[in-house]
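Colleague: You'll find final_24.pdb just under this line, and it carries PDB, C-alpha atoms.
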```
ATOM      1  CA  MET A  89      37.298  61.060  70.511
ATOM      2  CA  LYS A  90      38.051  59.764  67.056
ATOM      3  CA  TYR A  91      41.425  60.710  65.605
ATOM      4  CA  LEU A  92      40.923  62.220  62.163
ATOM      5  CA  GLU A  93      43.707  61.176  59.836
ATOM      6  CA  ASP A  94      45.029  63.926  57.618
ATOM      7  CA  PRO A  95      48.375  63.509  55.819
ATOM      8  CA  ARG A  96      49.094  67.237  56.039
ATOM      9  CA  LEU A  97      48.681  67.367  59.819
ATOM     10  CA  ALA A  98      50.629  64.121  60.145
ATOM     11  CA  HIS A  99      53.473  65.746  58.199
ATOM     12  CA  TYR A 100      53.545  68.802  60.491
ATOM     13  CA  THR A 101      53.425  66.614  63.597
ATOM     14  CA  ASN A 102      56.255  64.464  62.268
ATOM     15  CA  LEU A 103      58.296  67.575  61.509
ATOM     16  CA  LEU A 104      57.820  69.028  65.000
ATOM     17  CA  SER A 105      58.638  65.757  66.779
ATOM     18  CA  ASP A 106      62.165  65.891  68.250
ATOM     19  CA  PHE A 107      62.898  68.889  66.040
ATOM     20  CA  GLU A 108      66.217  70.517  66.935
ATOM     21  CA  MET A 109      66.119  74.295  66.789
ATOM     22  CA  GLY A 110      69.421  75.665  67.980
ATOM     23  CA  ASP A 111      69.897  74.813  71.654
ATOM     24  CA  ILE A 112      66.363  73.531  72.125
ATOM     25  CA  VAL A 113      64.414  70.472  71.038
ATOM     26  CA  LEU A 114      60.747  70.752  70.101
ATOM     27  CA  ASP A 115      58.072  68.147  70.653
ATOM     28  CA  GLY A 116      54.991  69.392  68.848
ATOM     29  CA  ARG A 117      51.843  68.025  67.302
ATOM     30  CA  VAL A 118      48.872  69.277  65.319
ATOM     31  CA  GLU A 119      46.064  66.729  65.544
ATOM     32  CA  ALA A 120      42.394  66.735  64.619
ATOM     33  CA  PHE A 121      39.673  64.833  66.469
ATOM     34  CA  SER A 122      35.981  64.229  66.034
ATOM     35  CA  CYS A 123      33.941  64.862  69.185
ATOM     36  CA  LYS A 124      31.984  61.664  68.631
ATOM     37  CA  ARG A 125      32.486  59.395  71.645
ATOM     38  CA  ALA A 126      32.510  55.620  71.635
ATOM     39  CA  GLY A 127      33.764  52.726  73.727
ATOM     40  CA  ASP A 128      36.189  53.761  76.476
ATOM     41  CA  ASP A 129      35.637  57.459  75.766
ATOM     42  CA  LYS A 130      31.906  57.111  76.326
ATOM     43  CA  ARG A 131      32.442  55.239  79.600
ATOM     44  CA  LEU A 132      34.962  57.813  80.806
ATOM     45  CA  SER A 133      32.665  60.705  79.875
ATOM     46  CA  ARG A 134      29.812  59.195  81.891
ATOM     47  CA  LYS A 135      32.098  58.676  84.866
ATOM     48  CA  LEU A 136      33.434  62.244  84.757
ATOM     49  CA  ASP A 137      29.954  63.688  84.321
ATOM     50  CA  ARG A 138      28.721  61.795  87.403
ATOM     51  CA  GLN A 139      31.683  63.062  89.416
ATOM     52  CA  LEU A 140      31.048  66.668  88.401
ATOM     53  CA  LYS A 141      27.355  66.397  89.261
ATOM     54  CA  GLN A 142      28.171  64.901  92.664
ATOM     55  CA  GLU A 143      30.598  67.728  93.392
ATOM     56  CA  LEU A 144      27.949  70.288  92.503
ATOM     57  CA  ALA A 145      25.408  68.551  94.723
ATOM     58  CA  THR A 146      27.689  68.431  97.764
ATOM     59  CA  SER A 147      29.425  71.800  97.380
ATOM     60  CA  PRO A 148      27.749  74.048  94.798
ATOM     61  CA  LYS A 149      30.032  76.627  93.229
ATOM     62  CA  SER A 150      29.230  79.900  91.594
ATOM     63  CA  PRO A 151      29.029  79.497  87.775
ATOM     64  CA  ALA A 152      31.467  82.384  87.433
ATOM     65  CA  GLU A 153      34.192  80.307  89.086
ATOM     66  CA  SER A 154      34.561  78.092  86.031
ATOM     67  CA  PRO A 155      36.532  79.594  83.131
ATOM     68  CA  LEU A 156      34.654  77.254  80.793
ATOM     69  CA  GLY A 157      31.219  78.356  81.958
ATOM     70  CA  PRO A 158      28.712  77.178  84.577
ATOM     71  CA  LEU A 159      29.320  73.540  85.475
ATOM     72  CA  SER A 160      25.630  73.213  86.267
ATOM     73  CA  GLU A 161      25.060  73.227  82.500
ATOM     74  CA  SER A 162      25.625  69.995  80.598
ATOM     75  CA  SER A 163      27.248  71.864  77.692
ATOM     76  CA  THR A 164      30.028  73.114  79.988
ATOM     77  CA  ARG A 165      30.613  69.682  81.475
ATOM     78  CA  ASN A 166      30.697  68.152  77.991
ATOM     79  CA  LEU A 167      33.234  70.751  76.890
ATOM     80  CA  LEU A 168      35.520  69.980  79.833
ATOM     81  CA  ILE A 169      35.203  66.255  79.175
ATOM     82  CA  ASP A 170      35.954  66.723  75.456
ATOM     83  CA  LEU A 171      39.139  68.637  76.283
ATOM     84  CA  ILE A 172      40.238  65.957  78.748
ATOM     85  CA  ILE A 173      39.542  63.097  76.334
ATOM     86  CA  THR A 174      41.397  64.942  73.570
ATOM     87  CA  MET A 175      44.498  65.228  75.757
ATOM     88  CA  ASN A 176      44.250  61.566  76.736
ATOM     89  CA  ALA A 177      44.106  60.630  73.059
ATOM     90  CA  SER A 178      47.046  62.849  72.137
ATOM     91  CA  PHE A 179      49.210  61.743  75.085
ATOM     92  CA  PRO A 180      48.205  58.103  75.731
ATOM     93  CA  ASP A 181      50.979  57.633  78.311
ATOM     94  CA  TYR A 182      49.293  60.167  80.610
ATOM     95  CA  ASP A 183      45.905  60.327  82.300
ATOM     96  CA  PHE A 184      44.304  63.772  82.404
ATOM     97  CA  SER A 185      41.020  62.603  83.932
ATOM     98  CA  SER A 186      41.580  64.593  87.122
ATOM     99  CA  LEU A 187      41.976  67.962  85.388
ATOM    100  CA  ARG A 188      39.835  70.784  86.719
ATOM    101  CA  PRO A 189      38.053  73.473  84.672
ATOM    102  CA  GLU A 190      40.362  76.032  86.305
ATOM    103  CA  GLN A 191      43.230  74.513  84.322
ATOM    104  CA  PHE A 192      41.712  75.734  81.068
ATOM    105  CA  LEU A 193      41.189  79.232  79.780
ATOM    106  CA  LYS A 194      38.950  80.467  76.999
ATOM    107  CA  GLU A 195      40.809  82.778  74.643
ATOM    108  CA  SER A 196      39.031  85.970  73.647
ATOM    109  CA  HIS A 197      40.977  86.826  70.498
ATOM    110  CA  LEU A 198      41.972  84.391  67.771
ATOM    111  CA  SER A 199      44.613  86.817  66.513
ATOM    112  CA  PHE A 200      46.447  86.673  69.866
ATOM    113  CA  VAL A 201      46.527  82.874  69.729
ATOM    114  CA  VAL A 202      47.825  82.786  66.155
ATOM    115  CA  ASN A 203      50.462  85.380  67.024
ATOM    116  CA  ASP A 204      51.586  83.404  70.088
ATOM    117  CA  ILE A 205      52.049  80.225  68.055
ATOM    118  CA  ASN A 206      53.775  82.081  65.226
ATOM    119  CA  THR A 207      56.159  83.740  67.675
ATOM    120  CA  HIS A 208      57.199  80.439  69.254
ATOM    121  CA  LEU A 209      57.646  78.682  65.908
ATOM    122  CA  ALA A 210      58.986  81.635  63.936
ATOM    123  CA  HIS A 211      62.423  80.080  63.437
ATOM    124  CA  VAL A 212      61.329  76.588  62.407
ATOM    125  CA  ASP A 213      61.843  77.341  58.719
ATOM    126  CA  GLU A 214      65.381  78.617  59.302
ATOM    127  CA  PHE A 215      66.464  75.277  60.750
ATOM    128  CA  ARG A 216      64.192  73.173  58.549
ATOM    129  CA  ILE A 217      65.818  74.301  55.294
ATOM    130  CA  GLU A 218      69.438  74.088  56.437
ATOM    131  CA  GLY A 219      71.347  72.155  53.816
ATOM    132  CA  LEU A 220      68.629  72.617  51.212
ATOM    133  CA  THR A 221      68.773  74.896  48.198
ATOM    134  CA  SER A 222      68.931  78.612  48.890
ATOM    135  CA  GLY A 223      65.697  79.139  46.996
ATOM    136  CA  THR A 224      63.636  76.971  49.344
ATOM    137  CA  GLU A 225      60.575  78.939  50.399
ATOM    138  CA  LYS A 226      59.970  79.590  54.089
ATOM    139  CA  LYS A 227      56.296  78.793  54.399
ATOM    140  CA  PHE A 228      55.882  76.254  57.204
ATOM    141  CA  LEU A 229      53.492  78.378  59.268
ATOM    142  CA  VAL A 230      51.619  79.548  56.178
ATOM    143  CA  ASP A 231      50.966  75.935  55.200
ATOM    144  CA  VAL A 232      49.992  74.964  58.749
ATOM    145  CA  TRP A 233      47.389  77.705  59.095
ATOM    146  CA  ARG A 234      46.031  77.051  55.609
ATOM    147  CA  THR A 235      45.501  73.394  56.533
ATOM    148  CA  VAL A 236      44.002  74.181  59.941
ATOM    149  CA  GLU A 237      41.593  76.617  58.308
ATOM    150  CA  ASP A 238      40.610  74.002  55.750
ATOM    151  CA  ILE A 239      39.817  71.423  58.456
ATOM    152  CA  ILE A 240      38.322  73.475  61.286
ATOM    153  CA  ARG A 241      37.259  76.928  59.920
ATOM    154  CA  LEU A 242      39.166  79.044  62.410
ATOM    155  CA  ARG A 243      36.796  82.000  62.547
ATOM    156  CA  GLU A 244      33.954  79.703  63.572
ATOM    157  CA  CYS A 245      35.956  78.221  66.449
ATOM    158  CA  GLU A 246      36.105  78.765  70.158
ATOM    159  CA  VAL A 247      39.708  78.575  71.346
ATOM    160  CA  TYR A 248      40.817  77.184  74.700
ATOM    161  CA  ARG A 249      44.216  76.953  76.316
ATOM    162  CA  TYR A 250      45.465  74.376  78.791
ATOM    163  CA  ILE A 251      47.478  75.740  81.716
ATOM    164  CA  PRO A 252      50.079  73.066  82.558
ATOM    165  CA  ASP A 253      50.205  71.500  85.982
ATOM    166  CA  LEU A 254      53.510  71.763  87.817
ATOM    167  CA  ASP A 255      53.685  68.022  88.254
ATOM    168  CA  GLY A 256      52.540  64.905  86.498
ATOM    169  CA  ASP A 257      52.021  66.024  82.909
ATOM    170  CA  PRO A 258      54.263  66.049  79.817
ATOM    171  CA  PHE A 259      54.461  69.861  79.792
ATOM    172  CA  SER A 260      56.343  70.223  83.076
ATOM    173  CA  GLU A 261      59.627  68.361  83.443
ATOM    174  CA  GLY A 262      62.526  70.181  81.826
ATOM    175  CA  THR A 263      60.224  72.469  79.854
ATOM    176  CA  LEU A 264      61.494  75.875  78.742
ATOM    177  CA  TRP A 265      58.146  76.873  77.265
ATOM    178  CA  SER A 266      55.020  75.305  75.857
ATOM    179  CA  PHE A 267      51.714  76.218  74.284
ATOM    180  CA  ASN A 268      48.572  74.081  74.270
ATOM    181  CA  TYR A 269      45.609  75.309  72.242
ATOM    182  CA  PHE A 270      42.305  73.678  71.356
ATOM    183  CA  PHE A 271      40.383  74.971  68.338
ATOM    184  CA  PHE A 272      36.804  73.783  68.839
ATOM    185  CA  ASN A 273      34.180  74.035  66.114
ATOM    186  CA  LYS A 274      30.795  73.189  67.632
ATOM    187  CA  ALA A 275      29.000  72.968  64.300
ATOM    188  CA  LEU A 276      31.534  70.550  62.822
ATOM    189  CA  LYS A 277      31.984  68.766  66.168
ATOM    190  CA  ARG A 278      35.734  68.824  65.685
ATOM    191  CA  ILE A 279      38.744  69.817  67.738
ATOM    192  CA  ILE A 280      42.255  70.567  66.556
ATOM    193  CA  PHE A 281      44.828  70.267  69.320
ATOM    194  CA  PHE A 282      47.933  72.335  68.527
ATOM    195  CA  THR A 283      50.617  71.879  71.149
ATOM    196  CA  CYS A 284      54.374  72.243  71.362
ATOM    197  CA  ILE A 285      56.898  71.698  74.155
ATOM    198  CA  ALA A 286      60.428  73.125  74.087
ATOM    199  CA  ARG A 287      63.175  71.571  76.160
ATOM    200  CA  SER A 288      66.875  72.245  76.431
ATOM    201  CA  LYS A 289      68.952  70.004  74.191
ATOM    202  CA  LEU A 290      71.067  69.260  77.281
ATOM    203  CA  PHE A 291      67.995  68.026  79.171
ATOM    204  CA  SER A 292      66.998  65.815  76.246
ATOM    205  CA  SER A 293      70.506  64.322  76.101
ATOM    206  CA  VAL A 294      70.506  63.586  79.839
ATOM    207  CA  ASP A 295      67.053  62.008  79.530
ATOM    208  CA  GLU A 296      68.241  59.750  76.698
ATOM    209  CA  GLU A 297      71.319  58.747  78.726
ATOM    210  CA  ASP A 298      69.086  57.823  81.667
ATOM    211  CA  GLU A 299      66.977  55.630  79.384
ATOM    212  CA  GLU A 300      70.121  53.932  78.048
ATOM    213  CA  LEU A 301      71.383  53.340  81.597
ATOM    214  CA  ASP A 302      68.026  51.853  82.579
ATOM    215  CA  SER A 303      68.156  49.626  79.502
ATOM    216  CA  ASP A 304      71.749  48.547  80.205
ATOM    217  CA  PHE A 305      70.889  47.824  83.823
ATOM    218  CA  GLY A 306      67.922  45.741  82.711
ATOM    219  CA  ASP A 307      70.118  43.755  80.301
ATOM    220  CA  GLU A 308      72.737  43.180  82.999
ATOM    221  CA  GLN A 309      70.056  42.124  85.458
ATOM    222  CA  ASN A 310      68.642  39.651  82.938
ATOM    223  CA  GLU A 311      72.116  38.204  82.342
ATOM    224  CA  THR A 312      72.652  37.902  86.107
ATOM    225  CA  ASP A 313      69.307  36.149  86.507
ATOM    226  CA  MET A 314      70.147  33.747  83.669
ATOM    227  CA  ASP A 315      73.568  32.983  85.184
ATOM    228  CA  ALA A 316      71.965  32.350  88.562
ATOM    229  CA  GLU A 317      69.390  30.074  86.956
ATOM    230  CA  GLU A 318      72.119  28.115  85.139
ATOM    231  CA  ASP A 319      74.098  27.783  88.398
ATOM    232  CA  PHE A 320      70.991  26.533  90.168
ATOM    233  CA  TYR A 321      70.303  23.818  87.604
ATOM    234  CA  SER A 322      73.987  22.877  87.529
ATOM    235  CA  ILE A 323      74.052  22.501  91.314
ATOM    236  CA  ARG A 324      70.786  20.572  91.229
ATOM    237  CA  GLN A 325      72.151  18.210  88.574
ATOM    238  CA  ASP A 326      75.309  17.547  90.619
ATOM    239  CA  TRP A 327      73.204  16.973  93.727
ATOM    240  CA  GLU A 328      70.880  14.539  91.953
ATOM    241  CA  GLU A 329      73.801  12.613  90.450
ATOM    242  CA  GLY A 330      75.436  12.315  93.857
ATOM    243  CA  SER A 331      72.299  11.138  95.627
TER
END
```
Can the structure in the file be given as structure tokens, please?

Modeller:
Amino acid sequence: MKYLEDPRLAHYTNLLSDFEMGDIVLDGRVEAFSCKRAGDDKRLSRKLDRQLKQELATSPKSPAESPLGPLSESSTRNLLIDLIITMNASFPDYDFSSLRPEQFLKESHLSFVVNDINTHLAHVDEFRIEGLTSGTEKKFLVDVWRTVEDIIRLRECEVYRYIPDLDGDPFSEGTLWSFNYFFFNKALKRIIFFTCIARSKLFSSVDEEDEELDSDFGDEQNETDMDAEEDFYSIRQDWEEGS
């Protein structure tokens, strides 16, 4: 997947990154990708497609069992692979290659999706404009949807939702709530991934303290190693001089 740079989306992603909203901290992003595959993405897509075909050959499943459609069809397999590669690109510290089609859901109504996102982010403007002039307009979500429409043409999109795993993905540990939507325009061959994770501010503080402790321990360990190395060379020098 090729990341499509757009300064407007970059601004929204930057705003939603570590955004404090009362007692919670948001980690959100709105990113656009082209479905054109190259390099590592192409190799991964071939590997995943082979695995899916092998599974079908050894234990065929009913097409109705896949929320994305029949896995016997290449279009369904390509869709699953596109969603996986998009998540890998958006969260490079995680590997989503083992995700199953059952972990995605096709949304039937665009209005429900928009309402869900608006509900979760309804108070962003209230905290965003704190300290600014009283006349500052509350239009964060209006601007976001206007930009998304401009890039992806919402009414021409199929919308999919990722259902977080309980272990091993960024949407699990310490999460109060999250949403993870893919707006896929087949004609444009583009995907917009709109995701947001909310965690308790207390959890975020504890996590930062753990990172600081790990860093301090690493520094102390390095100092100990250096002292031990100096002692070794000092002892060796004394030994050589005495021999």

Colleague: Can you tell me, as a ChimeraX atom specification, what residues are no more than 10 Å from Lys135 of chain A when counting only C-alpha atoms, ignoring any on the same chain fewer than 6 positions away?

Modeller: /A:129,169,185

Colleague: To one decimal place, how far is atom CA of Asp137 of chain A from atom CA of Glu119 of chain A in Å?

Modeller: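 Those two atoms sit 24.9 Å apart.
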
Colleague: Rounded to one decimal, what separation in Å do you get between atom CA of Ser154 of chain A and atom CA of Arg249 of chain A?

Modeller: 13.7 Å

Colleague: Within 7 Å of segment 190-195 of chain A, counting only C-alpha atoms, which residues show up once you throw out same-chain ones fewer than 6 positions away? Write them as a ChimeraX atom specification, please.

Modeller: /A:154-156,247-251

Colleague: Check the smallest atom-to-atom distance from each of A:Ala275, A:Val118, A:Leu144, A:Met89 to Val232 of chain A using all atoms listed in the file, then report the winner.

Modeller: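 Result for the nearest residue to Val232 of chain A: A:Val118.
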
Colleague: In Å, how far is it from atom CA of Glu261 of chain A to atom CA of Asp106 of chain A?

Modeller: 15.6 Å

Colleague: To test your reading of the syntax: which residues would the PyMOL selection byres ((chain A and resi 262) around 9) return for the file shown? Reply as a PyMOL selection string.

Modeller: chain A and resi 259-261+263-264+286-288+291-292

Colleague: Take the residues from that selection and write them out as a PDB file, keeping the file's coordinate frame, keeping C-alpha atoms.

Modeller:
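What follows is the written file again_33.pdb:
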```
ATOM      1  CA  PHE A 259      54.461  69.861  79.792  1.00  0.00           C
ATOM      2  CA  SER A 260      56.343  70.223  83.076  1.00  0.00           C
ATOM      3  CA  GLU A 261      59.627  68.361  83.443  1.00  0.00           C
ATOM      4  CA  THR A 263      60.224  72.469  79.854  1.00  0.00           C
ATOM      5  CA  LEU A 264      61.494  75.875  78.742  1.00  0.00           C
ATOM      6  CA  ALA A 286      60.428  73.125  74.087  1.00  0.00           C
ATOM      7  CA  ARG A 287      63.175  71.571  76.160  1.00  0.00           C
ATOM      8  CA  SER A 288      66.875  72.245  76.431  1.00  0.00           C
ATOM      9  CA  PHE A 291      67.995  68.026  79.171  1.00  0.00           C
ATOM     10  CA  SER A 292      66.998  65.815  76.246  1.00  0.00           C
TER      11      SER A 292
END
```

Colleague: Nearest residue to Leu104 of chain A out of A:Pro258, A:Val230, A:Asp213, A:Pro158, using all atoms listed in the file?

Modeller: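 For Leu104 of chain A, the nearest of the candidates is A:Asp213.
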
Colleague: Find the residue from A:His211, A:Gly127, A:Arg241, A:Ser186 that sits nearest to Gln139 of chain A; use all atoms listed in the file when measuring.

Modeller: A:Ser186

Colleague: For Arg138 of chain A, which residue out of A:Phe184, A:Phe270, A:Ser162, A:Ile173 is the nearest one, using all atoms listed in the file?

Modeller: A:Ser162

Colleague: Out of A:Asn273, A:Asn203, A:Thr283, A:Thr174, which residue has the shortest atom-to-atom distance to Ser133 of chain A when counting all atoms listed in the file?

Modeller: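 With all atoms listed in the file as the atom set, the closest residue is A:Thr174.
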
Colleague: Measuring between all atoms listed in the file, which one of A:Ser147, A:Gln142, A:Thr164, A:Asn176 shows the shortest distance to Tyr91 of chain A?

Modeller: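 Of A:Ser147, A:Gln142, A:Thr164, A:Asn176, the one nearest Tyr91 of chain A, counting all atoms listed in the file, is A:Asn176.
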
Colleague: Box in all listed atoms of segment 260-276 of chain A, axis-aligned, with 8 Å more on each side; write out centre and edge lengths in Å to one decimal as lines of an AutoDock Vina configuration file.

Modeller:
```
center_x = 45.8
center_y = 72.6
center_z = 73.1
size_x = 49.5
size_y = 24.5
size_z = 36.6
```

Colleague: Enumerate, as a PDB file with C-alpha atoms, in the coordinates of the input, the residues matched when the PyMOL selection byres ((chain A and resi 266) around 7) is run on the file above.

Modeller:
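Output saved as selection-v8.pdb:
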```pdb
ATOM      1  CA  PHE A 259      54.461  69.861  79.792  1.00  0.00           C
ATOM      2  CA  TRP A 265      58.146  76.873  77.265  1.00  0.00           C
ATOM      3  CA  PHE A 267      51.714  76.218  74.284  1.00  0.00           C
ATOM      4  CA  ASN A 268      48.572  74.081  74.270  1.00  0.00           C
ATOM      5  CA  CYS A 284      54.374  72.243  71.362  1.00  0.00           C
ATOM      6  CA  ILE A 285      56.898  71.698  74.155  1.00  0.00           C
ATOM      7  CA  ALA A 286      60.428  73.125  74.087  1.00  0.00           C
TER       8      ALA A 286
END
```

Colleague: Excluding Ser122 of chain A and residues on its chain fewer than 2 positions from it, collect all residues at most 6 Å away from it, counting all atoms listed in the file, and give them as a list of chain:residue names.

Modeller: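 Result of the neighbour search: A:Met89, A:Lys90, A:Lys124, A:Arg278.
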
Colleague: Next, the residues of the selection above should be written as a compact mmCIF listing (two decimals), in the coordinates of the input with C-alpha atoms.

Modeller:
```txt
# COMPACT_ATOMS: atom_id res chain seq x y z
CA MET A 89 37.30 61.06 70.51
CA LYS A 90 38.05 59.76 67.06
CA LYS A 124 31.98 61.66 68.63
CA ARG A 278 35.73 68.82 65.68
```
